[in-house]
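S.K.: Mind looking over this structure? Questions follow.
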Amino acid sequence: MDTKALITAYYDAFNAGRTDEMLTMLHDEIEHHVNEGGIRRGKELFAEFNRHMTESYRENLTDMVIFANESGTRAAAEFIVNGTYLKTDEGLPEANGQTYRLPAGTFFEIRDGKIARVTTYYNLADWTKQVVG
């Protein structure tokens, strides 16, 4: 599978709520660089993050544009996060079903045909402004 197809399949699984399928596309030594947070290493921590996010947020990504370098070792995706804040996340405003629309982007490193690094960026201040109202 080429890099753009891999990233497309990863986000198709995300949008369908198939986070276990996303794990199959990850390298065993995955590094997940979280916006405004630390680095999670390994599939189990990535799976924990997905479980937490699924509990607290319902999101669908649209307006997806995927880029990849010629060698297929690096990729990026730009998209819009269309979400609903379901359950209060620690340190963030109280959740009561607020909706948000947020531009975001992710950078990827590909190794051995799998995603070895996921680095996601979005504007937390913009998200907070939208959910606080």
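Labels for the structure tokens follow display order: chains A, B, ..., residues from 1 in each chain, ligands from 1.
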Determine, counting only C-alpha atoms, which protein, DNA and RNA residues have an atom within 12 Å of an atom of Lys87 of chain A; residues of the same chain fewer than 4 positions away are not included. Present the result as a short mmCIF file (atom, residue, chain, number, x, y, z; two decimals) with all heavy atoms, in the first residue's frame.
M.R.:
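Contents of part.cif, as written:
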```cif
data_model
loop_
_atom_site.label_atom_id
_atom_site.label_comp_id
_atom_site.auth_asym_id
_atom_site.auth_seq_id
_atom_site.Cartn_x
_atom_site.Cartn_y
_atom_site.Cartn_z
N HIS A 52 -10.12 6.93 25.31
CA HIS A 52 -10.45 8.17 26.02
C HIS A 52 -11.14 9.17 25.09
O HIS A 52 -12.15 9.76 25.44
CB HIS A 52 -9.19 8.79 26.63
CG HIS A 52 -9.41 10.17 27.13
ND1 HIS A 52 -10.02 10.43 28.33
CD2 HIS A 52 -9.13 11.38 26.58
CE1 HIS A 52 -10.10 11.73 28.50
NE2 HIS A 52 -9.56 12.34 27.45
N MET A 53 -10.58 9.35 23.90
CA MET A 53 -11.14 10.31 22.95
C MET A 53 -12.55 9.90 22.53
O MET A 53 -13.45 10.74 22.43
CB MET A 53 -10.24 10.43 21.72
CG MET A 53 -8.91 11.11 22.00
SD MET A 53 -9.09 12.81 22.56
CE MET A 53 -9.60 13.60 21.04
N THR A 54 -12.78 8.61 22.30
CA THR A 54 -14.10 8.12 21.89
C THR A 54 -15.13 8.36 22.99
O THR A 54 -16.29 8.65 22.70
CB THR A 54 -14.01 6.62 21.54
OG1 THR A 54 -13.09 6.47 20.46
CG2 THR A 54 -15.36 6.05 21.14
N GLU A 55 -14.69 8.27 24.23
CA GLU A 55 -15.59 8.50 25.36
C GLU A 55 -15.94 9.98 25.51
O GLU A 55 -17.06 10.32 25.87
CB GLU A 55 -14.87 8.01 26.62
CG GLU A 55 -15.72 7.84 27.83
CD GLU A 55 -14.91 7.24 28.96
OE1 GLU A 55 -14.73 6.01 29.00
OE2 GLU A 55 -14.45 8.02 29.83
N SER A 56 -14.99 10.86 25.23
CA SER A 56 -15.16 12.29 25.48
C SER A 56 -15.60 13.10 24.26
O SER A 56 -16.15 14.19 24.42
CB SER A 56 -13.86 12.89 26.02
OG SER A 56 -13.50 12.27 27.24
N TYR A 57 -15.35 12.60 23.06
CA TYR A 57 -15.60 13.37 21.84
C TYR A 57 -16.18 12.46 20.75
O TYR A 57 -15.81 11.29 20.65
CB TYR A 57 -14.30 13.97 21.29
CG TYR A 57 -13.51 14.75 22.31
CD1 TYR A 57 -12.58 14.12 23.13
CD2 TYR A 57 -13.71 16.12 22.46
CE1 TYR A 57 -11.86 14.83 24.08
CE2 TYR A 57 -12.99 16.84 23.40
CZ TYR A 57 -12.07 16.19 24.22
OH TYR A 57 -11.37 16.91 25.14
N ARG A 58 -17.04 13.02 19.93
CA ARG A 58 -17.47 12.36 18.70
C ARG A 58 -17.00 13.27 17.58
O ARG A 58 -17.42 14.43 17.50
CB ARG A 58 -18.98 12.16 18.67
CG ARG A 58 -19.46 11.43 17.42
CD ARG A 58 -20.95 11.10 17.39
NE ARG A 58 -21.78 12.19 17.88
CZ ARG A 58 -22.49 12.16 19.02
NH1 ARG A 58 -22.46 11.11 19.79
NH2 ARG A 58 -23.23 13.19 19.37
N LEU A 92 -10.17 20.78 31.09
CA LEU A 92 -10.83 21.52 30.01
C LEU A 92 -12.22 21.95 30.47
O LEU A 92 -12.71 21.48 31.50
CB LEU A 92 -10.92 20.64 28.76
CG LEU A 92 -9.57 20.27 28.14
CD1 LEU A 92 -9.77 19.31 26.98
CD2 LEU A 92 -8.80 21.50 27.70
N PRO A 93 -12.88 22.83 29.72
CA PRO A 93 -14.22 23.28 30.11
C PRO A 93 -15.19 22.10 30.23
O PRO A 93 -14.98 21.03 29.66
CB PRO A 93 -14.63 24.20 28.96
CG PRO A 93 -13.36 24.63 28.32
CD PRO A 93 -12.41 23.48 28.50
N GLU A 94 -16.29 22.36 30.94
CA GLU A 94 -17.30 21.32 31.13
C GLU A 94 -17.99 21.00 29.82
O GLU A 94 -18.32 21.88 29.02
CB GLU A 94 -18.33 21.80 32.16
CG GLU A 94 -19.29 20.71 32.57
CD GLU A 94 -20.18 21.13 33.73
OE1 GLU A 94 -19.74 21.96 34.56
OE2 GLU A 94 -21.31 20.63 33.78
N ALA A 95 -18.23 19.70 29.61
CA ALA A 95 -18.90 19.25 28.39
C ALA A 95 -20.40 19.18 28.60
O ALA A 95 -20.87 18.74 29.64
CB ALA A 95 -18.39 17.86 28.01
N ASN A 96 -21.14 19.64 27.60
CA ASN A 96 -22.60 19.48 27.60
C ASN A 96 -23.12 19.36 26.18
O ASN A 96 -24.14 19.94 25.84
CB ASN A 96 -23.30 20.61 28.39
CG ASN A 96 -22.98 21.98 27.83
OD1 ASN A 96 -22.53 22.10 26.70
ND2 ASN A 96 -23.20 23.01 28.61
N GLY A 97 -22.38 18.63 25.36
CA GLY A 97 -22.82 18.40 23.99
C GLY A 97 -22.49 19.50 23.00
O GLY A 97 -23.05 19.53 21.90
N GLN A 98 -21.57 20.41 23.37
CA GLN A 98 -21.19 21.49 22.46
C GLN A 98 -20.59 20.92 21.17
O GLN A 98 -19.91 19.91 21.19
CB GLN A 98 -20.14 22.41 23.09
CG GLN A 98 -20.46 22.99 24.42
CD GLN A 98 -19.88 22.19 25.57
OE1 GLN A 98 -20.05 20.98 25.65
NE2 GLN A 98 -19.18 22.87 26.47
#
```
S.K.: From the list A:Glu31, A:Asp63, A:Glu109, A:Asp20, which residue is nearest Glu78 of chain A when using only C-alpha atoms?
M.R.: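 Ranked by minimum distance to Glu78 of chain A, first place goes to A:Asp63.
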S.K.: Excluding same-chain residues fewer than 3 positions from Leu26 of chain A, what lies within 8 Å of it counting only C-alpha atoms, as a list of chain:residue names?
M.R.: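 What passes the distance filter is A:Met22, A:Leu23, A:Ile30, A:Lys43, A:Lys114, A:Ile115, A:Ala116.
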S.K.: Write down as number ranges by chain the residues of segment 17-99 of chain A whose backbone DSSP state falls under strand (DSSP E).
M.R.: A: 26-33, 39-41, 57-68, 74-85, 99
S.K.: Could you check which of A:Val132, A:Leu6, A:Phe46, A:Leu61 is closest to Phe108 of chain A, using only C-alpha atoms?
M.R.: A:Leu6
S.K.: Write down as a ChimeraX atom specification the residues of chain A whose backbone DSSP state falls under alpha helix (DSSP H).
M.R.: /A:3-15,19-24,43-56,124-132
S.K.: Please provide as a ChimeraX atom specification all residues within 10 Å of Ile66 of chain A, with the sequence filter that same-chain residues fewer than 3 positions apart are discarded (counting only C-alpha atoms).
M.R.: /A:3-5,7-8,63,75-79,105-107
S.K.: What lies within 7 Å of Asn82 of chain A using only C-alpha atoms, ignoring chain neighbours under 5 positions off, as a ChimeraX atom specification?
M.R.: /A:59-61,100-102
